[in-house]
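*Asks:* Below you'll find query.txt; it's compact mmCIF, C-alpha atoms and all ligand atoms.
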```
# COMPACT_ATOMS: atom_id res chain seq x y z
CA MET A 26 220.20 6.54 -19.36
CA GLN A 27 219.43 3.13 -20.78
CA THR A 28 216.16 1.51 -19.78
CA THR A 29 214.82 -2.01 -20.08
CA PHE A 30 211.05 -1.60 -19.98
CA THR A 31 209.04 -4.31 -21.66
CA LEU A 32 206.72 -3.59 -24.57
CA ALA A 33 203.78 -4.39 -22.34
CA GLN A 34 204.92 -1.81 -19.80
CA LEU A 35 205.34 0.82 -22.49
CA GLN A 36 201.64 0.50 -23.36
CA ASP A 37 201.00 2.22 -20.03
CA PRO A 38 201.26 6.02 -20.46
CA GLN A 39 202.86 6.30 -17.01
CA PHE A 40 205.70 3.96 -17.97
CA ALA A 41 206.04 5.51 -21.43
CA SER A 42 206.40 8.94 -19.84
CA SER A 43 208.93 7.62 -17.30
CA GLU A 44 211.03 6.02 -20.01
CA LYS A 45 211.23 9.29 -21.92
CA ILE A 46 212.34 11.15 -18.79
CA LEU A 47 214.88 8.49 -17.79
CA ARG A 48 216.44 8.39 -21.24
CA ALA A 49 217.07 12.14 -21.07
CA CYS A 50 219.30 11.75 -18.01
CA VAL A 51 223.03 11.53 -18.81
CA HIS A 52 224.23 10.80 -15.21
CA CYS A 53 226.28 14.01 -15.15
CA GLY A 54 225.34 14.82 -11.53
CA PHE A 55 225.10 18.59 -12.03
CA CYS A 56 221.73 18.43 -10.28
CA THR A 57 223.28 17.30 -6.99
CA ALA A 58 224.93 20.70 -6.57
CA THR A 59 221.56 22.38 -6.09
CA CYS A 60 219.81 19.68 -4.09
CA PRO A 61 219.33 20.68 -0.43
CA THR A 62 218.84 17.12 0.83
CA TYR A 63 222.04 15.93 -0.86
CA GLN A 64 223.93 18.92 0.53
CA LEU A 65 222.63 18.16 4.00
CA LEU A 66 222.91 14.36 4.09
CA GLY A 67 225.76 13.74 1.63
CA ASP A 68 224.19 10.49 0.41
CA GLU A 69 223.86 9.91 -3.34
CA LEU A 70 220.49 8.26 -2.73
CA ASP A 71 219.26 11.48 -1.08
CA GLY A 72 220.05 13.46 -4.22
CA PRO A 73 218.20 13.63 -7.55
CA ARG A 74 220.51 11.34 -9.49
CA GLY A 75 220.31 8.62 -6.85
CA ARG A 76 216.53 8.91 -6.62
CA ILE A 77 216.28 8.67 -10.40
CA TYR A 78 218.24 5.38 -10.22
CA LEU A 79 215.98 4.08 -7.46
CA ILE A 80 212.83 4.90 -9.44
CA LYS A 81 214.30 3.35 -12.59
CA GLN A 82 215.06 0.10 -10.75
CA VAL A 83 211.59 -0.05 -9.23
CA LEU A 84 209.85 0.64 -12.55
CA GLU A 85 211.97 -2.08 -14.16
CA GLY A 86 210.78 -4.60 -11.61
CA ALA A 87 213.05 -4.39 -8.55
CA GLU A 88 211.21 -4.78 -5.27
CA PRO A 89 211.17 -1.49 -3.32
CA THR A 90 211.72 -1.48 0.45
CA GLY A 91 211.05 0.90 3.30
CA THR A 92 214.50 2.38 2.65
CA THR A 93 213.60 3.12 -0.97
CA GLN A 94 210.47 4.84 0.28
CA LEU A 95 212.45 6.83 2.85
CA HIS A 96 214.85 8.20 0.22
CA LEU A 97 211.90 9.31 -1.91
CA ASP A 98 210.08 10.72 1.13
CA ARG A 99 213.08 12.87 1.98
CA CYS A 100 212.84 14.72 -1.33
CA LEU A 101 211.36 18.18 -0.73
CA THR A 102 209.91 18.30 -4.25
CA CYS A 103 211.42 21.77 -4.54
CA ARG A 104 212.62 20.91 -8.10
CA SER A 105 215.73 22.98 -7.60
CA CYS A 106 217.58 20.13 -9.33
CA GLU A 107 215.66 20.78 -12.55
CA THR A 108 217.13 24.26 -12.77
CA THR A 109 220.68 22.90 -13.09
CA CYS A 110 219.96 19.93 -15.33
CA PRO A 111 221.49 20.51 -18.78
CA SER A 112 219.29 17.78 -20.30
CA GLY A 113 215.97 19.16 -19.12
CA VAL A 114 215.09 16.03 -17.12
CA GLN A 115 211.58 16.36 -15.67
CA TYR A 116 212.56 15.07 -12.26
CA GLY A 117 209.39 16.27 -10.52
CA ARG A 118 207.17 14.32 -12.90
CA LEU A 119 209.28 11.18 -12.51
CA LEU A 120 209.23 11.50 -8.73
CA ASP A 121 205.42 11.69 -8.71
CA ILE A 122 205.27 8.43 -10.65
CA GLY A 123 207.97 6.76 -8.54
CA ARG A 124 206.38 7.72 -5.23
CA LYS A 125 203.00 6.40 -6.34
CA VAL A 126 204.42 3.04 -7.43
CA VAL A 127 206.58 2.66 -4.32
CA ASP A 128 203.72 3.57 -1.97
CA GLU A 129 201.47 1.02 -3.68
CA ARG A 130 204.06 -1.73 -3.29
CA VAL A 131 205.53 -0.92 0.13
CA GLY A 132 202.51 0.57 1.88
CA ARG A 133 202.65 2.62 5.06
CA ALA A 134 202.20 1.96 8.75
CA PRO A 135 198.94 3.40 10.16
CA ALA A 136 200.85 5.85 12.38
CA ASP A 137 202.86 7.13 9.42
CA SER A 138 199.73 7.50 7.30
CA ALA A 139 197.99 9.39 10.14
CA ARG A 140 200.98 11.71 10.58
CA ARG A 141 201.12 12.48 6.87
CA TYR A 142 197.36 13.04 6.77
CA ALA A 143 197.53 15.43 9.74
CA LEU A 144 200.43 17.33 8.17
CA ARG A 145 198.63 17.63 4.84
CA LYS A 146 195.44 18.87 6.50
CA GLY A 147 197.24 21.10 8.99
CA LEU A 148 199.40 22.90 6.45
CA LEU A 149 196.38 23.75 4.31
CA SER A 150 194.15 24.90 7.16
CA ARG A 151 194.61 28.43 8.52
CA PRO A 152 193.12 27.71 12.01
CA LEU A 153 195.05 24.46 12.43
CA PHE A 154 198.30 25.99 11.17
CA GLY A 155 197.78 29.02 13.46
CA ALA A 156 197.22 26.74 16.46
CA ALA A 157 200.34 24.71 15.62
CA MET A 158 202.37 27.93 15.34
CA ALA A 159 201.08 29.11 18.73
CA VAL A 160 202.11 25.81 20.34
CA GLY A 161 205.51 26.06 18.67
CA GLN A 162 206.00 29.61 19.99
CA LEU A 163 205.12 28.49 23.50
CA GLN A 164 207.68 25.72 23.34
CA CYS A 165 210.41 27.99 21.98
CA PRO A 166 209.63 31.47 23.36
CA ALA A 167 213.12 32.94 23.15
CA SER A 168 213.40 32.51 19.40
CA SER A 169 209.84 33.26 18.32
CA HIS A 170 208.03 36.06 20.14
CA PRO A 171 209.65 39.50 19.62
CA ALA A 172 208.80 40.79 23.11
CA THR A 173 210.13 37.65 24.78
CA ARG A 174 213.21 37.69 22.58
CA GLN A 175 213.90 41.33 23.59
CA ALA A 176 213.45 40.46 27.28
CA SER A 177 215.78 37.52 26.89
CA THR A 178 218.41 39.71 25.23
CA THR A 179 218.17 42.28 28.03
CA THR A 180 218.52 39.55 30.64
CA ASN A 181 221.60 38.23 28.90
CA GLN A 182 223.12 41.72 28.79
CA ILE A 183 222.52 42.22 32.52
CA ALA A 184 224.04 38.82 33.31
CA LEU A 185 227.07 39.71 31.19
CA LEU A 186 227.48 43.05 32.95
CA ILE A 187 227.27 41.46 36.40
CA SER A 188 229.78 38.74 35.57
CA SER A 189 232.25 41.24 34.07
CA THR A 190 231.86 43.42 37.17
CA VAL A 191 232.64 40.48 39.46
CA ILE A 192 235.72 39.57 37.41
CA ARG A 193 237.02 43.14 37.46
CA LEU A 194 236.46 43.51 41.19
CA ARG A 195 238.45 40.30 41.74
CA GLU A 196 241.26 41.67 39.58
CA THR A 197 241.09 44.87 41.58
CA GLY A 198 241.42 42.95 44.84
CA ARG A 199 244.49 41.12 43.53
CA GLN A 200 246.13 44.37 42.39
CA ALA A 201 245.46 46.04 45.76
CA THR A 202 247.05 43.09 47.58
CA VAL A 203 250.16 43.26 45.39
CA SER A 204 250.49 47.06 45.98
CA GLY A 205 251.02 46.49 49.68
CA HIS A 206 249.22 47.48 52.90
CA GLY A 207 248.17 51.06 53.63
CA SER A 208 248.53 52.24 50.07
CA SER A 209 245.81 53.27 47.63
CA GLY A 210 245.63 52.43 43.96
CA SER A 211 243.49 53.24 40.98
CA VAL A 212 242.17 50.22 39.16
CA GLY A 213 243.40 50.30 35.61
CA ALA A 214 241.88 47.13 34.21
CA GLY A 215 238.48 47.71 35.75
CA ALA A 216 238.20 51.38 34.98
CA GLY A 217 237.06 51.11 31.37
CA ALA A 218 233.43 50.03 31.36
CA LEU A 219 232.75 50.42 35.06
CA GLY A 220 234.29 53.85 35.65
CA SER A 221 237.18 54.67 37.95
CA VAL A 222 237.26 52.67 41.18
CA THR A 223 239.68 53.46 44.04
CA LEU A 224 240.44 50.85 46.69
CA LYS A 225 241.77 51.59 50.13
CA ALA A 226 243.28 48.51 51.68
S1 LIG B 1 213.30 18.23 -5.80
FE1 LIG B 1 214.64 19.36 -4.40
S2 LIG B 1 215.06 17.95 -2.68
FE2 LIG B 1 214.19 16.72 -4.39
S3 LIG B 1 215.97 15.95 -5.49
FE3 LIG B 1 215.38 17.87 -6.51
S4 LIG B 1 216.59 19.49 -5.50
FE4 LIG B 1 216.69 17.63 -4.21
S1 LIG B 2 221.72 17.02 -14.04
FE1 LIG B 2 220.08 16.09 -15.26
S2 LIG B 2 221.17 14.75 -16.69
FE2 LIG B 2 222.61 15.22 -15.05
S3 LIG B 2 222.36 13.52 -13.54
FE3 LIG B 2 220.98 15.21 -12.91
S4 LIG B 2 219.02 14.70 -13.85
FE4 LIG B 2 220.56 13.47 -14.93
```
Go ahead and express the file in the form of structure tokens.

*Replies:*
Amino acid sequence: MQTTFTLAQLQDPQFASSEKILRACVHCGFCTATCPTYQLLGDELDGPRGRIYLIKQVLEGAEPTGTTQLHLDRCLTCRSCETTCPSGVQYGRLLDIGRKVVDERVGRAPADSARRYALRKGLLSRPLFGAAMAVGQLQCPASSHPATRQASTTTNQIALLISSTVIRLRETGRQATVSGHGSSGSVGAGAGALGSVTLKA
């Protein structure tokens, strides 16, 4: 990828390093195949190649916006893209530089900064993370706690059994009516799961 950094910029090790990384990229797009955010959102700017372009533009002097910052924020920094890059582009290193420059120029709202600070602290603290997990389990009991999940499954099975019983009894009633008055009939459709039921009209 061609770059247009000035000589003054290249005196800065950060820019010199970025230029080397950018020049290794050949725009092939192989990296997008292994990028989870691109797979999920389908936007070129939410994939590695698009983010590389954004960072290049910002380093070359373009003014970043909140949208630029959002596309960089969405990157999971998983570096899965590096595993499929045939040119060995050090995307993770470039992203670190790009995020720093964009954050310096765009800034962040106090609420956003507080949320990011809380997340950073919470994920690295065992008590805080444990408390957050407990709150999450309370809010979503059916999918988190094994005992609750088992109880929920049992409840669903009972509800299913009751509804199938009601349906079969209705079918039985219809069949008995069709058979005529004073006759008896074995219920064929309802006999499978519920056992043999005989109706006397
Ligand atoms: S680090 Fe992960 S999320 Fe970010 S661009 Fe690479 S593959 Fe996508
Ligand atoms: S796979 Fe590598 S060379 Fe190809 S576009 Fe992605 S980062 Fe650039």

*Asks:* Can I get the residues close to ligand LIG 1 (chain B) as JSON, numbers by chain, where close means within 8 Å and we count all atoms listed in the file?

*Replies:* {"A": [56, 57, 59, 60, 61, 62, 63, 71, 72, 73, 74, 76, 99, 100, 101, 102, 103, 104, 105, 106, 107, 116, 117]}

*Asks:* Distance CA of Ala139 (chain A)-CA of Leu66 (chain A), one decimal place?

*Replies:*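 According to the coordinates, CA of Ala139 (chain A) and CA of Leu66 (chain A) are separated by 26.1 Å.
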
*Asks:* Could you report the residues within 6 Å of ligand LIG 2 (chain B), using only C-alpha atoms and all ligand atoms, as a PyMOL selection string?

*Replies:* chain A and resi 50-56+74+110-112+114

*Asks:* Pull the closest atom pair for each residue of region 72-158 of chain A that gets at most 12 Å from region 32-38 of chain A, along with the distance in Å to one decimal, counting all atoms listed in the file, ordering rows by chain and then ascending residue number, as CSV.

*Replies:*
```
residue,atom,partner,partner_atom,distance
A:Leu84,CA,A:Gln34,CA,9.1
A:Glu85,CA,A:Gln34,CA,9.0
A:Gly86,CA,A:Gln34,CA,10.4
A:Ile122,CA,A:Pro38,CA,10.9
```

*Asks:* Using all atoms listed in the file, which of the listed residues (A:Gly132, A:Gly123, A:Gly113, A:Gly147) sits closest to Ala49 (chain A)?

*Replies:*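 Of the candidates, the smallest distance to Ala49 (chain A) is held by A:Gly113.
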
*Asks:* In Å to one decimal, how far is CA of Gln94 (chain A) from CA of Leu70 (chain A)?

*Replies:* 11.0 Å

*Asks:* State, in Å with one decimal place, the distance from CA of Arg118 (chain A) to CA of Thr28 (chain A).

*Replies:*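 Value for the CA of Arg118 (chain A)-CA of Thr28 (chain A) distance: 17.1 Å.
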
*Asks:* For Lys125 (chain A), which residue out of A:Asp98, A:Leu153, A:Tyr78, A:Ala41 is the nearest one, using only C-alpha atoms?

*Replies:*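 Among A:Asp98, A:Leu153, A:Tyr78, A:Ala41, it is A:Asp98 that comes nearest to Lys125 (chain A).
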